[in-house]
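Pasted below: start.txt, compact mmCIF, C-alpha atoms.
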```txt
# COMPACT_ATOMS: atom_id res chain seq x y z
CA MET A 1 -31.00 -5.13 -1.58
CA LYS A 2 -31.32 -8.95 -1.53
CA ALA A 3 -30.03 -9.22 -5.09
CA PHE A 4 -27.13 -6.96 -4.20
CA ARG A 5 -26.21 -9.03 -1.15
CA SER A 6 -26.37 -12.26 -3.11
CA ARG A 7 -23.72 -10.96 -5.51
CA ILE A 8 -21.32 -9.15 -3.23
CA ALA A 9 -19.50 -10.06 -0.01
CA VAL A 10 -18.49 -6.79 1.53
CA ALA A 11 -15.11 -6.04 3.12
CA CYS A 12 -14.37 -2.42 3.98
CA VAL A 13 -10.75 -1.37 4.42
CA LEU A 14 -10.14 1.90 6.28
CA ILE A 15 -7.00 3.84 5.44
CA LEU A 16 -6.18 6.88 7.54
CA SER A 17 -3.58 9.53 6.93
CA SER A 18 -1.30 10.90 9.62
CA CYS A 19 0.16 14.35 10.00
CA GLY A 20 3.73 15.36 10.81
CA SER A 21 4.98 17.64 13.54
CA PRO A 22 2.62 20.60 13.82
CA ALA A 23 3.46 24.23 13.38
CA LEU A 24 -0.18 25.28 13.48
CA LYS A 25 -3.25 23.05 13.77
CA SER A 26 -6.72 23.97 12.64
CA GLY A 27 -9.56 21.49 12.24
CA GLY A 28 -7.15 18.54 12.25
CA VAL A 29 -5.04 20.02 9.45
CA THR A 30 -1.41 20.89 10.08
CA VAL A 31 -0.26 24.09 8.38
CA LEU A 32 3.47 24.70 8.02
CA ALA A 33 5.18 27.97 7.22
CA ALA A 34 6.48 28.06 3.64
CA ASN A 35 10.11 28.02 4.76
CA GLN A 36 9.55 24.86 6.83
CA LEU A 37 8.95 22.54 3.87
CA PRO A 38 11.92 20.13 4.06
CA SER A 39 14.11 19.37 1.08
CA PRO A 40 14.01 15.77 -0.19
CA VAL A 41 16.96 13.52 0.53
CA ARG A 42 18.38 11.05 -1.98
CA ALA A 43 16.18 8.20 -0.72
CA ASP A 44 13.10 10.34 -1.37
CA LEU A 45 14.08 10.76 -5.02
CA LEU A 46 14.49 7.03 -5.63
CA SER A 47 10.98 5.59 -5.39
CA PRO A 48 10.73 1.81 -4.91
CA GLU A 49 10.00 -0.07 -8.10
CA GLN A 50 8.00 -3.21 -8.59
CA PRO A 51 9.79 -5.90 -10.61
CA TYR A 52 8.68 -6.25 -14.22
CA TYR A 53 7.75 -9.74 -15.34
CA VAL A 54 8.03 -10.42 -19.04
CA GLY A 55 4.94 -11.78 -20.77
CA PRO A 56 3.81 -13.01 -24.20
CA PHE A 57 4.51 -10.70 -27.16
CA ASP A 58 6.74 -8.37 -25.15
CA GLU A 59 9.68 -7.04 -27.18
CA LEU A 60 13.18 -7.14 -25.68
CA THR A 61 16.59 -5.80 -26.65
CA ILE A 62 19.44 -8.17 -25.77
CA ASP A 63 23.16 -7.31 -25.71
CA VAL A 64 26.13 -9.60 -25.11
CA PHE A 65 29.09 -7.44 -24.10
CA GLY A 66 32.05 -7.79 -26.45
CA VAL A 67 30.22 -10.04 -28.95
CA GLU A 68 29.06 -7.79 -31.78
CA GLU A 69 27.00 -10.40 -33.61
CA LEU A 70 25.04 -11.08 -30.41
CA SER A 71 24.46 -7.45 -29.48
CA GLU A 72 21.54 -5.11 -30.06
CA ARG A 73 19.33 -8.03 -30.96
CA GLU A 74 15.60 -7.33 -30.84
CA VAL A 75 13.61 -10.36 -29.78
CA GLN A 76 9.88 -10.85 -29.30
CA VAL A 77 8.48 -13.30 -26.77
CA ASP A 78 6.07 -15.74 -28.41
CA ALA A 79 2.52 -16.57 -27.34
CA SER A 80 3.71 -19.33 -25.02
CA GLY A 81 6.15 -17.01 -23.21
CA ARG A 82 9.32 -18.32 -24.88
CA LEU A 83 12.06 -16.62 -26.89
CA SER A 84 14.88 -17.86 -29.08
CA PHE A 85 18.48 -16.66 -28.89
CA PRO A 86 21.52 -17.74 -30.96
CA LEU A 87 23.74 -20.45 -29.39
CA VAL A 88 21.22 -20.82 -26.57
CA GLY A 89 18.03 -21.92 -28.26
CA MET A 90 14.59 -21.56 -26.69
CA ILE A 91 14.27 -19.92 -23.28
CA ALA A 92 11.19 -19.85 -21.06
CA ALA A 93 10.97 -16.07 -20.53
CA GLY A 94 7.37 -15.68 -19.41
CA GLY A 95 7.02 -14.73 -15.76
CA LYS A 96 10.71 -13.85 -15.39
CA THR A 97 12.36 -10.47 -14.93
CA PRO A 98 14.78 -9.14 -17.59
CA THR A 99 17.64 -9.78 -15.15
CA GLU A 100 16.60 -13.41 -14.73
CA ILE A 101 16.40 -13.82 -18.50
CA ALA A 102 19.90 -12.35 -18.85
CA GLY A 103 21.14 -14.94 -16.37
CA GLU A 104 19.52 -17.73 -18.39
CA ILE A 105 21.23 -16.53 -21.56
CA GLU A 106 24.59 -16.21 -19.81
CA GLY A 107 24.29 -19.78 -18.58
CA GLY A 108 23.46 -21.02 -22.07
CA LEU A 109 26.36 -19.14 -23.65
CA ARG A 110 28.84 -20.57 -21.15
CA GLN A 111 27.86 -24.03 -22.33
CA ARG A 112 28.63 -22.92 -25.89
CA TYR A 113 32.23 -21.89 -25.14
CA VAL A 114 31.59 -18.16 -24.68
CA ARG A 115 33.97 -17.19 -21.90
CA ASP A 116 32.47 -15.18 -19.04
CA PRO A 117 29.53 -13.71 -21.00
CA HIS A 118 27.88 -10.51 -19.76
CA VAL A 119 24.31 -10.10 -20.97
CA THR A 120 21.88 -7.23 -20.55
CA VAL A 121 18.18 -7.51 -21.35
CA ASN A 122 16.07 -4.37 -21.68
CA LEU A 123 12.36 -4.03 -22.26
CA LYS A 124 11.63 -2.34 -25.59
CA LYS A 125 7.85 -2.68 -25.68
CA THR A 126 5.26 -4.35 -23.48
CA VAL A 127 1.84 -5.59 -24.48
CA SER A 128 1.35 -8.09 -21.65
CA GLN A 129 1.66 -5.95 -18.51
CA VAL A 130 -1.00 -3.30 -19.03
CA VAL A 131 -3.74 -1.54 -17.12
CA THR A 132 -7.06 -0.67 -18.76
CA VAL A 133 -8.29 2.89 -18.18
CA GLU A 134 -11.89 3.52 -19.24
CA GLY A 135 -14.69 6.01 -18.69
CA GLU A 136 -14.36 9.78 -18.54
CA VAL A 137 -10.69 10.15 -19.40
CA ARG A 138 -9.34 11.95 -22.43
CA GLU A 139 -7.74 8.88 -24.03
CA PRO A 140 -9.20 5.56 -22.80
CA GLY A 141 -7.13 2.51 -23.62
CA LEU A 142 -4.50 0.01 -22.52
CA TYR A 143 -1.37 1.44 -20.90
CA PRO A 144 1.85 -0.36 -19.88
CA VAL A 145 2.68 -0.84 -16.21
CA ILE A 146 6.44 -0.66 -15.78
CA GLY A 147 7.69 -0.36 -12.24
CA ARG A 148 5.45 1.20 -9.63
CA THR A 149 2.29 2.92 -10.90
CA SER A 150 -0.40 4.60 -8.82
CA LEU A 151 -4.03 5.32 -9.62
CA LEU A 152 -3.37 9.02 -10.27
CA ARG A 153 -0.43 8.18 -12.55
CA ALA A 154 -2.50 5.69 -14.53
CA ILE A 155 -5.20 8.28 -15.10
CA ALA A 156 -2.59 10.88 -16.04
CA THR A 157 -1.19 8.43 -18.60
CA ALA A 158 -4.66 8.41 -20.17
CA LYS A 159 -4.28 12.22 -20.50
CA GLY A 160 -6.31 12.92 -17.38
CA THR A 161 -9.98 13.35 -16.62
CA THR A 162 -12.50 15.29 -18.72
CA GLU A 163 -14.82 18.11 -17.78
CA PHE A 164 -17.59 15.53 -17.35
CA SER A 165 -15.65 13.23 -15.00
CA LYS A 166 -17.13 12.42 -11.61
CA LEU A 167 -13.99 12.45 -9.51
CA GLU A 168 -15.73 10.73 -6.60
CA ASP A 169 -16.70 7.80 -8.85
CA VAL A 170 -13.49 5.96 -9.72
CA VAL A 171 -13.70 2.17 -9.57
CA VAL A 172 -10.74 -0.24 -9.82
CA PHE A 173 -11.46 -3.88 -10.66
CA ARG A 174 -8.84 -6.53 -9.83
CA GLU A 175 -8.59 -10.30 -9.79
CA VAL A 176 -6.38 -12.00 -7.18
CA GLN A 177 -6.01 -15.79 -7.09
CA GLY A 178 -9.26 -16.27 -8.94
CA LYS A 179 -11.25 -13.86 -6.74
CA LYS A 180 -12.59 -10.61 -8.14
CA TYR A 181 -12.53 -7.35 -6.23
CA ALA A 182 -13.72 -3.81 -6.81
CA ALA A 183 -12.67 -0.62 -5.02
CA LEU A 184 -14.34 2.77 -5.12
CA TYR A 185 -12.05 5.81 -4.83
CA ASN A 186 -12.49 9.55 -4.67
CA LEU A 187 -9.81 11.40 -6.64
CA LYS A 188 -10.50 14.64 -4.80
CA ALA A 189 -9.89 12.90 -1.47
CA ILE A 190 -6.65 11.36 -2.72
CA ARG A 191 -5.40 14.66 -4.09
CA SER A 192 -6.21 16.41 -0.80
CA GLY A 193 -4.29 13.76 1.16
CA ALA A 194 -7.32 12.24 2.90
CA TYR A 195 -5.92 8.81 2.04
CA PRO A 196 -2.96 7.48 0.01
CA ASP A 197 -2.82 7.23 -3.76
CA PRO A 198 -3.23 3.44 -4.25
CA ASP A 199 -0.99 1.33 -6.47
CA VAL A 200 -2.44 -0.20 -9.63
CA TYR A 201 -1.14 -3.40 -11.18
CA PRO A 202 -1.12 -5.13 -14.56
CA HIS A 203 -4.57 -6.40 -15.62
CA ASP A 204 -6.40 -3.91 -13.38
CA ILE A 205 -9.38 -2.12 -14.92
CA VAL A 206 -9.84 1.53 -13.92
CA MET A 207 -13.25 3.10 -14.61
CA VAL A 208 -13.35 6.87 -14.16
CA GLY A 209 -16.64 8.68 -13.56
CA GLU A 210 -18.66 5.62 -14.55
CA SER A 211 -22.01 5.53 -12.73
CA ARG A 212 -22.57 1.86 -13.64
CA GLY A 213 -19.50 0.93 -11.63
CA ARG A 214 -20.70 2.98 -8.67
CA ARG A 215 -24.08 1.20 -8.46
CA MET A 216 -22.64 -1.82 -6.66
CA PHE A 217 -21.52 0.47 -3.84
CA ARG A 218 -24.79 2.32 -3.33
CA ASP A 219 -25.84 0.45 -0.17
CA LEU A 220 -22.45 1.16 1.45
CA LEU A 221 -22.13 4.85 0.70
CA ALA A 222 -24.59 5.78 3.42
CA VAL A 223 -22.46 4.17 6.17
CA VAL A 224 -18.84 4.54 4.98
CA PRO A 225 -17.40 8.07 4.68
CA LEU A 226 -15.71 7.95 1.27
CA LEU A 227 -13.99 11.25 1.95
CA THR A 228 -11.66 9.56 4.45
CA THR A 229 -11.48 6.01 3.11
CA PRO A 230 -11.88 4.03 -0.10
CA ILE A 231 -14.50 1.27 -0.22
CA ILE A 232 -13.29 -2.20 -1.19
CA ILE A 233 -15.61 -5.13 -1.88
CA ALA A 234 -15.14 -8.75 -2.89
CA LEU A 235 -17.27 -9.89 -5.80
CA GLN A 236 -18.73 -13.37 -5.86
CA ASN A 237 -17.81 -15.37 -8.95
```
Give the structure from the file, written as structure tokens.
Amino acid sequence: MKAFRSRIAVACVLILSSCGSPALKSGGVTVLAANQLPSPVRADLLSPEQPYYVGPFDELTIDVFGVEELSEREVQVDASGRLSFPLVGMIAAGGKTPTEIAGEIEGGLRQRYVRDPHVTVNLKKTVSQVVTVEGEVREPGLYPVIGRTSLLRAIATAKGTTEFSKLEDVVVFREVQGKKYAALYNLKAIRSGAYPDPDVYPHDIVMVGESRGRRMFRDLLAVVPLLTTPIIIALQN
């Protein structure tokens, strides 16, 4: 216990779900008649997206409208986060969105006598913005994070869990401003709606059904009901 406390500063975050207007309540669960399930509106079908920030070795496709020799050009960002484009030269692309990069190229082309350039930049392949999915999944590995990605989606990208997966033992490791964190989730609880499906971000490490990851939480499991909340801890560096 002392060794555990010396390594981990504990911060528990409780996330509770709420129910809509009841048709029938039983044990805190709202049951609706089948014909009462509402149809989604347009806003429901357009999920919010997180901006994508280009990183080293990402591959981009760049088009300059109306300039054939500057269209459909495939460019790779170098290790320092820069790319080269004709008439513009080197551009610092790392940490910028494709739209911001397009604006940089447009500005450079205007200085080279290209009248009113219109540039589009699309991501062809990413190797910098990835999440690592390990443990009892069918295809462990590195997977790109483009837009908004949740924990369940990340695991599905790894072809899902195996027959040996411990669904109550899913740990997400994350580093924020130099501090390391770990969160323990229960996939069964998420799927049943006990708490929301959390977002995952580039550079996260997801460990599915890995008992070694669960060990750091063992002293908390007796006091925090994992069925209704994830457990989040801050790791000492």
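Closest to Arg115 (chain A) among A:Gly147, A:Gly66, A:Gly178, A:Pro140 is A:Gly66, based on only C-alpha atoms.
Using all atoms listed in the file, the shortest contact distance between Leu60 (chain A) and any of A:Gln111, A:Thr162, A:Ser80, A:Thr120 is found at A:Thr120.
Residues surrounding Val170 (chain A) within 8 Å are Leu184, Tyr185, Asn186, Leu187, Val206, Met207, Val208, Gly209, Glu210 and Arg214 of chain A [only C-alpha atoms; sequence separation below 6 positions excluded].
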Nearest to Gln50 (chain A), chosen from A:Glu168, A:Glu69, A:Glu139, A:Asp199, with only C-alpha atoms counted in the distances: A:Asp199
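Distance annotation: of A:Leu87, A:Ile205, A:Ala43, A:Leu235, the residue with the minimal separation from Val133 (chain A) is A:Ile205; atom set is only C-alpha atoms.
Candidate residues A:His203, A:Arg82, A:Arg218, A:Arg153 were compared for distance to Ser128 (chain A), and the nearest is A:His203, using only C-alpha atoms.
Coordinates place CA of Arg138 (chain A) at a distance of 19.8 Å from CA of Phe173 (chain A).
The coordinates place CA of Ala154 (chain A) at 21.2 Å from CA of Ile233 (chain A).
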